[in-house]
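Presented below is the structure to which this report refers.
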Amino acid sequence: MDTLEFLKDSLALDRPAAPEAVSSQDIHLSMAAALNERMEKEPDLDLIVPFEKRGMMRENHINHFRYMHSVARVFSHGDFVETVAWAMRTYRGHGFALEYWRRMLPHCIELCQSRLPLQESRFLVGLYEWILGNIQELDPLTAPEQMQAGEQ
Amino acid sequence: MSGFSHDRTMKLADDYQQALLDGQRDKASALIIDALDDGLAIPSLYLDVFQLTQHRIGRLWQQNKVSVAVEHYSTAVTQLIMSNLFPRIVGDGSAGKTVVGCCVSSELHEMGMRMVCDFFEMNNWTTHFLGSGMPDADLVGFVRDKQADLVCISCTTSYNVQAVKSLVAALSDDAGTMSAIMVGGAPFAANPDLVALVGANATAADAREAVRKGWELVS
């Protein structure tokens, strides 16, 4: 079994309960603005996100919360793992460091906990914690050199 | 049977991609027209050249080797060529079936669905390609008016999957709409379990398979 399939299986086993109701997309998108504000204040941001890619980072945060809103409504563990791997591979290809996710994801957890209903927050926080707990496994899978070698 | 060999088709894909990356629209177009004149079949052109090239250039963007501008330019050139080729593929509607194709919600990646509709056109279905930015209610009304046998919905970006679910629900809830619903795009190709989760009837990996499954759904 390859790493991607292993990760899919591990997420399927740990899958938190899906929420019965999901907040509006506007509420999710408001978290993107808050995340941008927090990340802009991160020390040594230039070391983890190339300065010329700041706009890409901000746009990524909008797409990120769009995606998490979608995930709360339609969840497939396979799709989640593949999308996380795709996003990490893509943004690392554009110079984002792995440390970016280590700093960004805890902010996402706090924002969910402070802005979303409990059941929805628990579901999404469970997914964020899963990513944080598997960054070591995701590292080789999403390294830019993997993409250079033609692995998708 | 196309007289165009696989190796020659792959060489064409390489040359076509390079012309796009070099910003040489006229050369790219000439390569395609010459290949068609030499016997390349249009379905092969779509899947083995256009689709392959789009995927490769998308990968180059992912690797930070080309800009979004180059990617969009390449897409625009290919769409221009496809439009110019349309008179060569237009069908006669003799299949007696109607398909409506669109991209969900804010999904901007419409070339895949355009290819799907063109493949149905080549198989003599009556086709209606609506592109992207389609409001759900307008689509439902259009599908009802056309009495479509099949609705194809494309979704490339994963964050639009929930919008597919909403659109499928809107189509299914409309009493005047009896269409089968096929969904496609990267999330569904990689994770077919999403098809049931959004309430659709089927998915297809590419335009050729979409036609085959379309026939299965409406027969």
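Chain identifiers are assigned as A, B, and so on, following the order in which chains appear in the structure tokens; residues are numbered from 1 within each chain, and ligands are numbered from 1 in order of appearance.
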Contact table chain A vs chain B, cut-off 10 Å, shortest pair per residue, only C-alpha atoms, as a tab-separated table:
residue	atom	partner	partner_atom	distance
A:Asn63	CA	B:Tyr159	CA	7.1
A:His64	CA	B:Tyr159	CA	7.9
A:Phe65	CA	B:Tyr159	CA	8.4
A:Arg66	CA	B:Tyr159	CA	5.5
A:Tyr67	CA	B:Tyr159	CA	3.9
A:Met68	CA	B:Tyr159	CA	7.4
A:His69	CA	B:Tyr159	CA	7.6
A:Ser70	CA	B:Gln162	CA	4.8
A:Val71	CA	B:Gln162	CA	7.4
A:Ala72	CA	B:Gln162	CA	8.7
A:Arg73	CA	B:Gln162	CA	6.1
A:Val74	CA	B:Gln162	CA	5.9
A:Phe75	CA	B:Leu197	CA	8.0
A:Ser76	CA	B:Leu194	CA	6.5
A:His77	CA	B:Asn191	CA	9.0
A:Gly78	CA	B:Asn191	CA	6.2
A:Asp79	CA	B:Asn191	CA	5.8
A:Phe80	CA	B:Ser158	CA	8.8
A:Glu82	CA	B:Ala190	CA	8.1
A:Thr83	CA	B:Ser158	CA	7.1
A:Trp86	CA	B:Gln62	CA	9.2
A:Ala87	CA	B:Gln62	CA	9.4
A:Arg89	CA	B:Gln62	CA	7.9
A:Thr90	CA	B:Gln62	CA	5.0
A:Tyr91	CA	B:Gln62	CA	7.7
A:Arg92	CA	B:Gln63	CA	8.6
A:Gly93	CA	B:Gln63	CA	4.9
A:His94	CA	B:Asn64	CA	5.4
A:Gly95	CA	B:Asn64	CA	8.6
A:Pro144	CA	B:Gln63	CA	7.2
A:Glu145	CA	B:Gln63	CA	9.4
A:Met147	CA	B:Gln63	CA	7.2
A:Gln148	CA	B:Gln63	CA	7.6
A:Gly150	CA	B:Arg59	CA	9.4
A:Gln152	CA	B:Arg59	CA	9.0
Exercise for review: Mind listing the strand (DSSP E) residues of stretch 7-211 of chain B, per DSSP on the backbone, as a list in words?
Suggested key: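 Everything in stretch 7-211 of chain B that counts as strand (DSSP E) is Thr98, Val99, Val100, Gly101, Cys102, Cys103, Thr126, Thr127, His128, Phe129, Leu150, Val151, Cys152, Ile153, Ser154, Ala180, Ile181, Met182, Val183, Gly184, Ala202 and Thr203 of chain B.
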Save the residues we just selected, C-alpha atoms, as a short mmCIF file (atom, residue, chain, number, x, y, z; two decimals), in the first residue's frame?
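Result went into out_16.cif, see below:
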data_model
loop_
_atom_site.label_atom_id
_atom_site.label_comp_id
_atom_site.auth_asym_id
_atom_site.auth_seq_id
_atom_site.Cartn_x
_atom_site.Cartn_y
_atom_site.Cartn_z
CA THR B 98 -30.57 15.79 -25.88
CA VAL B 99 -27.75 16.68 -23.50
CA VAL B 100 -27.16 19.89 -21.59
CA GLY B 101 -23.60 20.49 -20.37
CA CYS B 102 -22.37 23.15 -17.97
CA CYS B 103 -19.81 23.95 -15.32
CA THR B 126 -28.58 17.43 -29.73
CA THR B 127 -26.18 19.35 -27.50
CA HIS B 128 -26.45 22.52 -25.46
CA PHE B 129 -23.18 23.72 -23.94
CA LEU B 150 -29.04 14.01 -19.79
CA VAL B 151 -27.40 16.82 -17.84
CA CYS B 152 -23.61 16.82 -17.55
CA ILE B 153 -22.05 18.91 -14.80
CA SER B 154 -18.36 19.67 -14.63
CA ALA B 180 -30.24 11.64 -15.86
CA ILE B 181 -27.32 13.47 -14.26
CA MET B 182 -23.65 12.83 -14.91
CA VAL B 183 -20.89 14.65 -13.06
CA GLY B 184 -17.25 14.89 -13.97
CA ALA B 202 -22.76 8.51 -12.98
CA THR B 203 -19.36 9.95 -13.72
#
When you look at B:Leu108 with a cut-off of 10 Å (counting only C-alpha atoms), what residues show up, excluding the ones that are within fewer than 3 positions of it in the same chain? I need them as an NGL selection string. :B and (103-105 or 111 or 131-133 or 154-157)
Show me, as an MDAnalysis selection string, the residues that have an atom within 9 Å of A:Glu137 when counting only C-alpha atoms, minus same-chain residues fewer than 3 positions from it. chainID A and resid 3:4 7 133:134 140:141
TODO: For B:Gly39, work out the shell of residues within 12 Å, counting only C-alpha atoms and skipping chain neighbours fewer than 4 positions away, then give it as JSON, numbers by chain.
DONE: {"B": [1, 2, 3, 4, 5, 8, 9, 32, 33, 34, 35, 43, 44, 45]}
